[in-house]
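Source file input_34.txt; content: compact mmCIF, C-alpha atoms.
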# COMPACT_ATOMS: atom_id res chain seq x y z
CA MET A 1 -5.39 17.17 6.12
CA GLY A 2 -7.47 14.14 6.68
CA THR A 3 -6.20 11.99 9.47
CA THR A 4 -7.01 8.62 10.83
CA THR A 5 -4.41 7.32 13.23
CA THR A 6 -4.15 3.65 12.42
CA LEU A 7 -2.85 1.45 15.22
CA SER A 8 -4.93 -1.66 14.65
CA THR A 9 -3.20 -2.84 11.48
CA PRO A 10 0.19 -4.35 12.31
CA TYR A 11 3.09 -3.04 10.28
CA SER A 12 4.13 -6.56 9.29
CA SER A 13 0.91 -6.94 7.30
CA ARG A 14 1.96 -4.17 4.93
CA LEU A 15 3.94 -4.75 1.74
CA THR A 16 7.17 -3.23 3.00
CA SER A 17 8.79 -2.85 -0.42
CA LEU A 18 5.84 -0.75 -1.62
CA ASP A 19 6.27 1.58 1.37
CA VAL A 20 9.98 1.82 0.56
CA PHE A 21 9.23 2.64 -3.07
CA ARG A 22 6.66 5.21 -1.96
CA GLY A 23 9.22 6.78 0.36
CA LEU A 24 11.85 6.89 -2.39
CA THR A 25 9.35 8.56 -4.70
CA LEU A 26 8.28 11.06 -2.06
CA ALA A 27 11.90 11.93 -1.32
CA GLY A 28 12.31 12.61 -5.04
CA MET A 29 9.19 14.76 -5.07
CA ILE A 30 10.44 16.86 -2.14
CA LEU A 31 13.84 17.24 -3.83
CA VAL A 32 12.22 18.44 -7.05
CA ASN A 33 9.81 20.87 -5.36
CA ASN A 34 12.27 22.46 -2.91
CA PRO A 35 15.56 23.52 -4.53
CA GLY A 36 17.61 26.07 -2.68
CA SER A 37 17.21 28.44 -5.63
CA TRP A 38 14.92 28.13 -8.63
CA ALA A 39 17.54 30.07 -10.59
CA HIS A 40 20.14 27.35 -9.96
CA VAL A 41 18.32 24.00 -10.04
CA PHE A 42 20.54 20.91 -10.15
CA GLY A 43 20.34 19.57 -13.72
CA PRO A 44 18.67 16.16 -13.18
CA LEU A 45 16.04 17.85 -10.98
CA ARG A 46 14.73 19.90 -13.89
CA HIS A 47 11.76 18.83 -16.02
CA ALA A 48 12.20 18.32 -19.74
CA GLN A 49 11.16 21.46 -21.58
CA TRP A 50 8.85 19.58 -23.96
CA HIS A 51 9.59 16.19 -25.58
CA GLY A 52 12.00 13.86 -23.79
CA TRP A 53 12.47 13.12 -20.13
CA THR A 54 14.65 13.60 -17.08
CA PRO A 55 14.63 11.67 -13.78
CA THR A 56 12.34 14.39 -12.43
CA ASP A 57 9.70 13.50 -15.02
CA LEU A 58 9.39 10.02 -13.49
CA VAL A 59 8.43 11.16 -9.99
CA PHE A 60 4.72 11.86 -10.50
CA PRO A 61 3.96 8.75 -12.60
CA PHE A 62 5.78 6.68 -9.97
CA PHE A 63 3.38 8.07 -7.37
CA LEU A 64 0.32 7.22 -9.47
CA PHE A 65 1.75 3.75 -10.17
CA ILE A 66 2.13 3.21 -6.41
CA VAL A 67 -1.43 4.41 -5.79
CA GLY A 68 -2.68 1.84 -8.29
CA THR A 69 -0.54 -0.98 -6.88
CA ALA A 70 -1.95 -0.37 -3.41
CA ILE A 71 -5.62 -0.50 -4.48
CA PRO A 72 -6.12 -4.28 -4.93
CA LEU A 73 -3.90 -5.00 -1.91
CA ALA A 74 -5.85 -2.59 0.31
CA PHE A 75 -9.24 -3.77 -0.96
CA ASP A 76 -8.32 -7.38 -0.17
CA LYS A 77 -7.60 -6.41 3.44
CA ARG A 78 -10.82 -4.42 3.70
CA ARG A 79 -12.90 -7.26 2.32
CA ALA A 80 -11.33 -9.50 4.95
CA LEU A 81 -12.63 -7.02 7.55
CA GLY A 82 -16.17 -7.47 6.23
CA GLU A 83 -16.52 -4.41 4.01
CA SER A 84 -18.94 -4.84 1.12
CA ARG A 85 -18.36 -3.51 -2.38
CA SER A 86 -20.67 -0.58 -1.67
CA LEU A 87 -18.67 0.34 1.43
CA LEU A 88 -15.44 0.09 -0.54
CA LEU A 89 -16.90 2.39 -3.17
CA LEU A 90 -17.96 4.81 -0.43
CA HIS A 91 -14.45 4.67 1.01
CA ALA A 92 -12.84 5.35 -2.38
CA THR A 93 -15.23 8.22 -3.14
CA ARG A 94 -14.77 9.85 0.25
CA ARG A 95 -11.00 9.51 0.07
CA ALA A 96 -10.91 10.96 -3.46
CA ILE A 97 -12.98 13.99 -2.38
CA VAL A 98 -10.69 14.56 0.61
CA LEU A 99 -7.57 14.36 -1.54
CA PHE A 100 -9.06 16.67 -4.18
CA THR A 101 -10.20 19.33 -1.71
CA LEU A 102 -6.96 18.99 0.25
CA GLY A 103 -5.16 19.91 -2.96
CA LEU A 104 -7.50 22.87 -3.43
CA ALA A 105 -6.93 23.99 0.15
CA TYR A 106 -3.16 23.89 -0.41
CA SER A 107 -3.38 25.83 -3.66
CA GLY A 108 -5.72 28.29 -1.94
CA VAL A 109 -3.04 29.14 0.60
CA THR A 110 -0.61 30.14 -2.14
CA ILE A 111 -2.92 31.91 -4.63
CA LYS A 112 -2.72 35.51 -5.74
CA TYR A 113 -5.71 37.72 -6.31
CA VAL A 114 -6.51 40.03 -9.18
CA ASN A 115 -8.30 43.39 -9.17
CA GLY A 116 -6.77 44.24 -5.81
CA LEU A 117 -8.91 41.74 -3.92
CA ALA A 118 -7.32 40.60 -0.65
CA GLY A 119 -4.07 42.31 -1.55
CA GLU A 120 -2.66 41.54 1.88
CA GLY A 121 -3.11 37.80 1.42
CA GLN A 122 -6.27 37.41 3.53
CA HIS A 123 -8.16 35.00 1.30
CA TRP A 124 -9.82 32.72 3.82
CA GLN A 125 -13.12 33.02 1.96
CA VAL A 126 -11.69 31.01 -0.95
CA ILE A 127 -10.05 28.38 1.25
CA LEU A 128 -12.98 27.92 3.67
CA PRO A 129 -15.13 25.57 1.50
CA TRP A 130 -12.23 23.17 0.99
CA VAL A 131 -11.22 23.20 4.66
CA LEU A 132 -14.79 22.44 5.74
CA THR A 133 -14.99 19.55 3.27
CA VAL A 134 -11.74 18.02 4.53
CA LEU A 135 -12.88 18.50 8.14
CA ALA A 136 -16.21 16.78 7.48
CA LEU A 137 -15.05 13.80 5.45
CA ALA A 138 -11.60 13.14 6.91
CA PHE A 139 -12.00 13.96 10.59
CA ILE A 140 -15.70 13.59 11.38
CA TRP A 141 -17.00 10.87 9.05
CA PRO A 142 -16.49 7.38 10.54
CA GLU A 143 -14.12 4.93 8.90
CA GLU A 144 -15.85 2.46 6.63
CA LYS A 145 -14.26 -0.47 8.43
CA ARG A 146 -15.92 0.77 11.64
CA ILE A 147 -19.24 0.92 9.82
CA ALA A 148 -18.70 -2.67 8.63
CA GLN A 149 -17.92 -3.83 12.17
CA ASP A 150 -20.55 -1.84 14.10
CA GLY A 151 -23.31 -1.27 11.56
CA TRP A 152 -24.62 2.06 10.30
CA GLY A 153 -26.84 2.87 13.28
CA ARG A 154 -24.04 3.37 15.78
CA HIS A 155 -22.38 6.02 13.62
CA VAL A 156 -25.43 8.08 12.60
CA PRO A 157 -24.59 11.04 14.92
CA ARG A 158 -21.12 11.42 13.41
CA MET A 159 -22.49 11.10 9.87
CA VAL A 160 -25.13 13.75 10.57
CA LEU A 161 -22.50 16.12 11.98
CA ALA A 162 -20.25 15.48 8.99
CA GLY A 163 -23.20 16.16 6.70
CA PHE A 164 -23.92 19.53 8.33
CA ILE A 165 -20.27 20.59 8.04
CA LEU A 166 -20.15 19.44 4.43
CA LEU A 167 -23.33 21.39 3.71
CA ALA A 168 -21.75 24.45 5.29
CA GLY A 169 -18.82 24.04 2.90
CA VAL A 170 -21.19 23.94 -0.07
CA PHE A 171 -22.95 27.11 1.10
CA ALA A 172 -19.59 28.80 1.68
CA LEU A 173 -18.55 28.00 -1.89
CA ILE A 174 -21.81 29.44 -3.25
CA TYR A 175 -21.61 32.53 -1.04
CA PHE A 176 -17.97 33.27 -1.91
CA TRP A 177 -18.24 32.16 -5.52
CA GLU A 178 -17.45 35.63 -6.85
CA ASP A 179 -14.30 35.77 -4.73
CA PHE A 180 -13.24 32.39 -6.08
CA GLN A 181 -13.86 33.48 -9.67
CA ARG A 182 -11.77 36.63 -9.18
CA SER A 183 -8.92 34.69 -7.68
CA GLU A 184 -6.18 32.91 -9.58
CA GLN A 185 -6.59 29.69 -7.63
CA ARG A 186 -5.56 26.75 -9.76
CA ILE A 187 -8.06 23.88 -9.86
CA PRO A 188 -5.83 21.08 -11.25
CA GLY A 189 -2.90 19.88 -9.17
CA VAL A 190 -0.92 16.89 -7.96
CA LEU A 191 -3.33 15.80 -5.22
CA GLN A 192 -6.30 16.53 -7.45
CA ARG A 193 -4.97 14.26 -10.19
CA ILE A 194 -4.15 11.55 -7.67
CA ALA A 195 -7.72 11.79 -6.37
CA ILE A 196 -9.33 11.41 -9.79
CA CYS A 197 -7.04 8.58 -10.90
CA TYR A 198 -7.50 6.78 -7.59
CA LEU A 199 -11.30 6.96 -7.78
CA LEU A 200 -11.56 5.84 -11.40
CA ALA A 201 -9.06 3.01 -10.88
CA SER A 202 -10.93 1.92 -7.73
CA ILE A 203 -14.20 1.74 -9.63
CA ILE A 204 -12.55 -0.39 -12.32
CA VAL A 205 -11.06 -2.69 -9.66
CA LEU A 206 -14.42 -3.06 -7.91
CA TYR A 207 -16.45 -3.84 -11.02
CA PHE A 208 -13.99 -5.52 -13.40
CA GLY A 209 -11.66 -8.48 -13.16
CA VAL A 210 -8.12 -8.61 -14.49
CA PRO A 211 -9.20 -8.85 -18.19
CA GLY A 212 -11.40 -5.79 -17.72
CA ARG A 213 -8.56 -3.89 -16.08
CA VAL A 214 -6.29 -4.72 -19.01
CA PHE A 215 -9.02 -3.59 -21.42
CA TRP A 216 -9.44 -0.19 -19.71
CA THR A 217 -5.68 0.34 -19.61
CA VAL A 218 -5.40 -0.25 -23.35
CA ALA A 219 -8.54 1.80 -24.02
CA CYS A 220 -7.12 4.81 -22.16
CA LEU A 221 -3.83 4.65 -24.06
CA VAL A 222 -5.28 4.03 -27.52
CA GLY A 223 -8.20 6.42 -27.00
CA TYR A 224 -5.88 9.21 -25.88
CA TRP A 225 -3.57 8.65 -28.84
CA ALA A 226 -6.57 8.77 -31.19
CA LEU A 227 -7.77 12.04 -29.65
CA LEU A 228 -4.39 13.67 -30.18
CA ARG A 229 -4.07 12.23 -33.67
CA TYR A 230 -7.50 12.93 -35.09
CA VAL A 231 -9.19 15.65 -32.99
CA SER A 232 -8.25 19.31 -33.11
CA PRO A 233 -9.80 22.43 -31.58
CA PRO A 234 -11.55 24.99 -33.80
CA GLY A 235 -9.29 26.49 -36.42
CA ASP A 236 -9.39 29.98 -34.95
CA PHE A 237 -7.95 28.74 -31.62
CA ASN A 238 -4.22 29.38 -31.70
CA PRO A 239 -2.65 29.81 -28.24
CA LYS A 240 1.07 30.45 -27.85
CA LEU A 241 2.26 27.03 -26.74
CA GLU A 242 5.51 25.11 -26.98
CA GLY A 243 4.13 22.53 -29.38
CA PRO A 244 1.02 21.86 -31.48
CA GLU A 245 0.23 18.75 -29.42
CA GLY A 246 -0.86 21.02 -26.58
CA ARG A 247 -3.55 22.91 -28.47
CA LEU A 248 -6.43 20.50 -27.75
CA HIS A 249 -5.44 20.33 -24.09
CA GLU A 250 -5.39 24.12 -23.80
CA TRP A 251 -8.70 24.55 -25.61
CA ILE A 252 -10.46 22.13 -23.24
CA ASP A 253 -8.89 23.58 -20.11
CA ILE A 254 -9.68 27.19 -21.00
CA HIS A 255 -13.30 26.41 -21.86
CA VAL A 256 -13.88 24.35 -18.71
CA LEU A 257 -11.58 25.90 -16.08
CA GLY A 258 -11.05 29.43 -17.37
CA ARG A 259 -8.22 31.25 -15.60
CA HIS A 260 -7.82 28.60 -12.88
CA LEU A 261 -4.83 26.92 -14.49
CA TYR A 262 -1.07 26.64 -14.06
CA ARG A 263 1.02 29.58 -15.21
CA ALA A 264 2.91 27.44 -17.76
CA ARG A 265 0.78 26.01 -20.54
CA PRO A 266 -0.55 23.51 -21.25
CA ASP A 267 -1.37 22.77 -17.64
CA PRO A 268 0.63 19.62 -16.76
CA GLU A 269 -2.32 18.32 -14.69
CA GLY A 270 -5.01 19.46 -17.13
CA ILE A 271 -8.25 17.69 -17.96
CA LEU A 272 -7.37 15.75 -21.11
CA SER A 273 -4.04 14.33 -19.91
CA THR A 274 -5.82 12.83 -16.90
CA LEU A 275 -6.98 10.03 -19.22
CA PRO A 276 -3.51 8.52 -19.78
CA ALA A 277 -2.68 9.22 -16.12
CA VAL A 278 -5.49 6.80 -15.27
CA ALA A 279 -3.69 4.26 -17.46
CA THR A 280 -0.55 4.79 -15.38
CA THR A 281 -2.58 4.05 -12.26
CA LEU A 282 -4.07 0.95 -13.87
CA LEU A 283 -0.59 -0.33 -14.69
CA GLY A 284 -0.02 -0.12 -10.94
CA VAL A 285 -3.29 -1.99 -10.34
CA LEU A 286 -2.12 -4.82 -12.59
CA THR A 287 1.14 -4.85 -10.64
CA GLY A 288 -0.85 -5.16 -7.42
CA ASP A 289 -2.75 -8.09 -8.94
CA TRP A 290 0.58 -9.73 -9.74
CA LEU A 291 1.96 -9.18 -6.22
CA ARG A 292 -1.10 -10.69 -4.52
CA SER A 293 -0.92 -13.83 -6.64
CA GLY A 294 0.23 -17.15 -5.21
CA ARG A 295 3.63 -17.11 -6.91
CA ASP A 296 6.79 -17.15 -4.83
CA GLU A 297 8.74 -13.99 -4.16
CA ALA A 298 11.48 -14.72 -6.67
CA LYS A 299 8.98 -15.12 -9.51
CA LYS A 300 7.08 -12.01 -8.49
CA GLY A 301 10.22 -9.90 -8.35
CA SER A 302 11.70 -11.22 -11.58
CA GLY A 303 8.33 -10.79 -13.29
CA LEU A 304 8.29 -7.12 -12.29
CA LEU A 305 11.82 -6.65 -13.63
CA LEU A 306 10.88 -8.28 -16.94
CA ALA A 307 7.66 -6.27 -17.27
CA GLY A 308 9.58 -3.11 -16.43
CA MET A 309 12.18 -3.71 -19.13
CA ILE A 310 9.44 -4.44 -21.69
CA GLY A 311 7.63 -1.22 -20.78
CA ILE A 312 10.83 0.83 -21.05
CA ILE A 313 11.75 -0.68 -24.43
CA VAL A 314 8.25 -0.30 -25.91
CA GLY A 315 8.03 3.27 -24.65
CA LEU A 316 11.39 4.16 -26.21
CA ILE A 317 10.41 2.53 -29.51
CA LEU A 318 7.09 4.40 -29.62
CA HIS A 319 8.97 7.61 -28.84
CA GLN A 320 9.92 7.71 -32.53
CA TRP A 321 6.26 8.26 -33.48
CA ILE A 322 4.60 9.32 -30.21
CA PRO A 323 7.19 11.43 -28.37
CA ILE A 324 7.67 10.85 -24.64
CA ASN A 325 6.20 13.99 -23.11
CA LYS A 326 5.38 14.49 -19.44
CA LYS A 327 3.50 17.78 -19.85
CA ILE A 328 0.76 16.16 -21.93
CA TRP A 329 1.36 12.62 -20.55
CA THR A 330 1.63 10.87 -23.92
CA SER A 331 0.91 7.15 -24.28
CA SER A 332 4.60 6.39 -24.87
CA TYR A 333 5.37 8.27 -21.66
CA VAL A 334 2.87 6.08 -19.78
CA LEU A 335 4.56 2.89 -20.94
CA PHE A 336 8.09 4.18 -20.41
CA ALA A 337 7.44 5.63 -16.94
CA GLY A 338 5.33 2.60 -15.95
CA GLY A 339 8.16 0.33 -17.04
CA CYS A 340 10.65 2.31 -14.96
CA ALA A 341 8.30 2.12 -11.97
CA ALA A 342 7.85 -1.64 -12.29
CA TYR A 343 11.60 -2.10 -12.62
CA VAL A 344 12.41 -0.06 -9.48
CA LEU A 345 9.60 -1.73 -7.51
CA GLY A 346 10.88 -5.13 -8.65
CA TRP A 347 14.29 -4.47 -7.13
CA CYS A 348 12.73 -3.09 -3.94
CA TYR A 349 10.57 -6.21 -3.69
CA LEU A 350 13.46 -8.62 -4.24
CA LEU A 351 15.78 -6.84 -1.81
CA VAL A 352 13.34 -5.86 0.95
CA ASP A 353 10.58 -8.48 0.93
CA GLY A 354 12.61 -11.23 -0.73
CA GLU A 355 16.05 -11.00 0.87
CA GLY A 356 14.99 -9.08 3.99
CA TRP A 357 17.54 -6.29 3.46
CA GLN A 358 15.59 -3.54 5.21
CA ARG A 359 18.13 -1.56 7.22
CA TRP A 360 19.03 0.71 4.28
CA SER A 361 15.36 1.44 3.67
CA LYS A 362 14.39 2.82 7.10
CA PRO A 363 14.52 6.52 6.09
CA PHE A 364 12.29 5.79 3.12
CA LEU A 365 9.89 3.76 5.26
CA VAL A 366 9.54 6.80 7.50
CA LEU A 367 8.40 8.85 4.52
CA GLY A 368 6.46 6.11 2.75
CA THR A 369 4.24 5.15 5.68
CA ASN A 370 3.00 8.75 6.08
CA ALA A 371 3.29 9.92 2.49
CA ILE A 372 0.31 12.28 2.18
CA ALA A 373 1.04 13.97 5.52
CA VAL A 374 4.71 14.46 4.61
CA TYR A 375 3.84 15.76 1.13
CA VAL A 376 1.28 18.31 2.33
CA LEU A 377 3.27 19.55 5.32
CA SER A 378 6.57 19.73 3.43
CA SER A 379 4.88 21.61 0.57
CA LEU A 380 3.22 24.11 2.90
CA THR A 381 6.40 24.61 4.91
CA GLY A 382 8.45 25.07 1.75
CA TRP A 383 6.04 27.75 0.57
CA PHE A 384 6.10 29.53 3.94
CA LEU A 385 9.91 29.54 4.01
CA ALA A 386 9.90 31.19 0.58
CA ALA A 387 7.11 33.63 1.48
CA TRP A 388 8.18 34.60 5.02
CA PRO A 389 9.96 37.99 4.71
CA LEU A 390 12.93 38.83 6.91
CA LEU A 391 13.12 42.42 5.68
CA ALA A 392 10.30 44.93 5.66
CA ASP A 393 10.62 45.54 1.92
CA GLY A 394 10.16 41.80 1.23
CA THR A 395 13.47 41.44 -0.63
CA LEU A 396 14.73 38.67 1.66
CA ASN A 397 12.94 35.56 2.89
CA VAL A 398 13.99 32.64 5.08
CA LYS A 399 14.77 30.31 2.18
CA THR A 400 16.89 32.88 0.34
CA TRP A 401 18.71 33.73 3.56
CA LEU A 402 19.60 30.07 4.14
CA TYR A 403 20.69 29.53 0.56
CA ASN A 404 22.72 32.73 0.19
CA GLY A 405 24.16 32.60 3.68
CA PHE A 406 25.13 28.93 3.96
CA PHE A 407 24.44 26.51 1.12
CA GLY A 408 25.41 28.62 -1.89
CA PRO A 409 28.80 29.84 -0.59
CA ARG A 410 29.85 26.33 0.51
CA PHE A 411 28.65 24.19 -2.38
CA GLY A 412 28.31 26.56 -5.31
CA PRO A 413 25.09 27.67 -7.08
CA GLU A 414 23.69 24.31 -8.25
CA GLY A 415 25.46 22.26 -5.57
CA GLY A 416 24.09 24.54 -2.87
CA SER A 417 20.60 24.30 -4.36
CA LEU A 418 20.86 20.49 -4.26
CA ALA A 419 22.32 20.49 -0.74
CA TYR A 420 19.45 22.63 0.51
CA ALA A 421 16.92 20.21 -1.00
CA LEU A 422 18.70 17.17 0.47
CA CYS A 423 18.74 18.77 3.92
CA TYR A 424 15.06 19.58 3.55
CA VAL A 425 14.30 15.90 2.87
CA LEU A 426 16.40 14.93 5.90
CA VAL A 427 14.44 17.33 8.11
CA TRP A 428 11.17 15.59 7.26
CA ILE A 429 12.66 12.17 7.86
CA ILE A 430 13.70 13.34 11.33
CA ILE A 431 10.32 14.91 12.06
CA PHE A 432 8.34 11.79 11.11
CA THR A 433 10.67 9.19 12.61
CA PRO A 434 8.87 9.23 16.01
CA LEU A 435 5.54 8.51 14.28
CA TYR A 436 7.09 5.65 12.34
CA ARG A 437 8.56 4.13 15.49
CA ALA A 438 5.20 4.45 17.24
CA ARG A 439 3.48 2.89 14.19
CA ILE A 440 1.23 5.89 13.76
CA TYR A 441 0.10 6.29 10.17
CA ILE A 442 -1.81 9.41 9.15
CA ARG A 443 -4.40 8.52 6.53
CA VAL A 444 -7.09 10.28 4.56
Mind turning this structure into structure tokens?
Amino acid sequence: MGTTTTLSTPYSSRLTSLDVFRGLTLAGMILVNNPGSWAHVFGPLRHAQWHGWTPTDLVFPFFLFIVGTAIPLAFDKRRALGESRSLLLLHATRRAIVLFTLGLAYSGVTIKYVNGLAGEGQHWQVILPWVLTVLALAFIWPEEKRIAQDGWGRHVPRMVLAGFILLAGVFALIYFWEDFQRSEQRIPGVLQRIAICYLLASIIVLYFGVPGRVFWTVACLVGYWALLRYVSPPGDFNPKLEGPEGRLHEWIDIHVLGRHLYRARPDPEGILSTLPAVATTLLGVLTGDWLRSGRDEAKKGSGLLLAGMIGIIVGLILHQWIPINKKIWTSSYVLFAGGCAAYVLGWCYLLVDGEGWQRWSKPFLVLGTNAIAVYVLSSLTGWFLAAWPLLADGTLNVKTWLYNGFFGPRFGPEGGSLAYALCYVLVWIIIFTPLYRARIYIRV
């Protein structure tokens, strides 16, 4: 994963409530992704099957909302450090590529092969291009704020080295292209969608003012609704999906991405539904604009609560005609989830930044200040625990052993599954607490 250890920016300059909200959201994401048993998932931690929503369906849009909120706040700080718009665009593009390829590297670790290729799990040839890209752009390439401070000339050697490594990644992808095509590696994903939404929202922030940001938010929502309402795939395309609303999504994904999709269809991070996901991110951008205004803290917090309630109500009203649906990220879902996000952030802002009640939030600050690192490492570790066999025949792994031997017998099937997930969150809070106390933030 891309890392820049940031010690120069004092913690007090950060919007603490946003870090708390990020940590809360990340804790929810870890809970959802790491039950003790997928056969006995605690009810509220399940996704809605199709239309409707559960608390779990709010986790991902909350993350995108937070990404958007941070963009104008972060760009303000970078402009104060002397970064030009072109350097900010370079920063956003580089970061988006790192996040996207980091997601591909993670999915490459967990892929299965077809036609007997790499049956023993040795598939480094598919992962190598993504690892080289992350290495070049996250570890080797100089930070844009350093370029702004020192000028380009001082960093040419590092940029040349990063360029050679990046070129090696491109050649590796070309050379192992057949291996990639034979694999079942999924191209869409959580980090990949975050990367795309972050880049597009950053471009809009850099080149449009607040009215333009509102325009693009509305355009994404209305344009997406119009596509679903008036555009259909060819008549002979009839996949077996849960609902007719998914047919256009599936047709686009199959024709562009082929087999490299999620096992359940339509792919929840597919191409078409990225458009309304950008709108979710832009709702966060508008929230960031509100928080950096000159209003006092009480007005900012109450404004977020009001906006959140309006978003929730409008989303629920539209649900009658445009069902709330996380899998295809409907426009009503954007407004409803965005309203929920604004409402939760409003309370975090009033309590943490307004009233200074921060003691309760420390565990979430630990997660929120190193969110990408925690997400990637917890996801990889969770997969290894489920894939690491304890018996030669592969019938028992570490995760199953822990669940069957301790959590399940003590708390019951669903209670044990929840207890395992809660303990898993606690483990990552403990692991990252020393970094939080040392004010070490791992960035991409």
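CA of Gly103 (chain A) is found 22.3 Å from CA of Val366 (chain A).
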Do a neighbour search on region 399-407 of chain A at 7 Å with all atoms listed in the file, toss out local chain neighbours closer than 6 positions, and write the hits as an NGL selection string.
-> :A and (36 or 385-386 or 416 or 419-420)
Within 6 Å of region 69-76 of chain A, which residues of region 282-375 of chain A come that close, and what is the closest atom pair and distance in Å for each? Count only C-alpha atoms and give it as a tab-separated table.
residue	atom	partner	partner_atom	distance
A:Gly284	CA	A:Thr69	CA	4.2
A:Val285	CA	A:Thr69	CA	4.5
A:Thr287	CA	A:Thr69	CA	5.7
A:Gly288	CA	A:Thr69	CA	4.2
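Among the candidates A:Thr93, A:Ser293, A:Gln185, A:Ser417, the one nearest to Val109 (chain A) when counting only C-alpha atoms is A:Gln185.
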note - CA of Leu283 (chain A) and CA of Glu83 (chain A) are separated by 24.9 Å
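For the pair CA of Glu144 (chain A) and CA of Gly82 (chain A), the interatomic distance is 9.9 Å.
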For Phe63 (chain A), please output as a PyMOL selection string all residues within 8 Å (counting all atoms listed in the file; exclusion window: fewer than 3 positions along the same chain).
-> chain A and resi 22+25-26+59-60+66-67
Since the input lacks atoms, please generate N, CA and C atoms for region 417-434 of chain A and provide them as an mmCIF file, in the frame of the given file.
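Saved the output as part13.cif:
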data_model
loop_
_atom_site.group_PDB
_atom_site.id
_atom_site.type_symbol
_atom_site.label_atom_id
_atom_site.label_comp_id
_atom_site.auth_asym_id
_atom_site.auth_seq_id
_atom_site.Cartn_x
_atom_site.Cartn_y
_atom_site.Cartn_z
ATOM 1 N N SER A 417 22.036 24.508 -4.171
ATOM 2 C CA SER A 417 20.600 24.300 -4.360
ATOM 3 C C SER A 417 20.229 22.849 -4.059
ATOM 4 N N LEU A 418 21.089 21.908 -4.524
ATOM 5 C CA LEU A 418 20.860 20.490 -4.260
ATOM 6 C C LEU A 418 21.040 20.185 -2.774
ATOM 7 N N ALA A 419 22.069 20.743 -2.152
ATOM 8 C CA ALA A 419 22.320 20.490 -0.740
ATOM 9 C C ALA A 419 21.165 20.969 0.128
ATOM 10 N N TYR A 420 20.617 22.123 -0.217
ATOM 11 C CA TYR A 420 19.450 22.630 0.510
ATOM 12 C C TYR A 420 18.295 21.633 0.408
ATOM 13 N N ALA A 421 18.027 21.146 -0.798
ATOM 14 C CA ALA A 421 16.920 20.210 -1.000
ATOM 15 C C ALA A 421 17.146 18.910 -0.237
ATOM 16 N N LEU A 422 18.383 18.409 -0.254
ATOM 17 C CA LEU A 422 18.700 17.170 0.470
ATOM 18 C C LEU A 422 18.504 17.362 1.973
ATOM 19 N N CYS A 423 18.939 18.492 2.491
ATOM 20 C CA CYS A 423 18.740 18.770 3.920
ATOM 21 C C CYS A 423 17.256 18.891 4.249
ATOM 22 N N TYR A 424 16.496 19.435 3.320
ATOM 23 C CA TYR A 424 15.060 19.580 3.550
ATOM 24 C C TYR A 424 14.394 18.204 3.639
ATOM 25 N N VAL A 425 14.812 17.276 2.784
ATOM 26 C CA VAL A 425 14.300 15.900 2.870
ATOM 27 C C VAL A 425 14.679 15.288 4.217
ATOM 28 N N LEU A 426 15.925 15.482 4.635
ATOM 29 C CA LEU A 426 16.400 14.930 5.900
ATOM 30 C C LEU A 426 15.601 15.466 7.086
ATOM 31 N N VAL A 427 15.240 16.732 7.036
ATOM 32 C CA VAL A 427 14.440 17.330 8.110
ATOM 33 C C VAL A 427 13.118 16.595 8.276
ATOM 34 N N TRP A 428 12.476 16.263 7.172
ATOM 35 C CA TRP A 428 11.170 15.590 7.260
ATOM 36 C C TRP A 428 11.301 14.143 7.677
ATOM 37 N N ILE A 429 12.413 13.519 7.342
ATOM 38 C CA ILE A 429 12.660 12.170 7.860
ATOM 39 C C ILE A 429 12.795 12.216 9.373
ATOM 40 N N ILE A 430 13.520 13.202 9.872
ATOM 41 C CA ILE A 430 13.700 13.340 11.330
ATOM 42 C C ILE A 430 12.379 13.633 12.021
ATOM 43 N N ILE A 431 11.586 14.521 11.438
ATOM 44 C CA ILE A 431 10.320 14.910 12.060
ATOM 45 C C ILE A 431 9.367 13.722 12.171
ATOM 46 N N PHE A 432 9.323 12.875 11.134
ATOM 47 C CA PHE A 432 8.340 11.790 11.110
ATOM 48 C C PHE A 432 8.884 10.466 11.658
ATOM 49 N N THR A 433 10.131 10.418 12.037
ATOM 50 C CA THR A 433 10.670 9.190 12.610
ATOM 51 C C THR A 433 9.946 8.755 13.886
ATOM 52 N N PRO A 434 9.617 9.666 14.822
ATOM 53 C CA PRO A 434 8.870 9.230 16.010
ATOM 54 C C PRO A 434 7.520 8.591 15.683
#
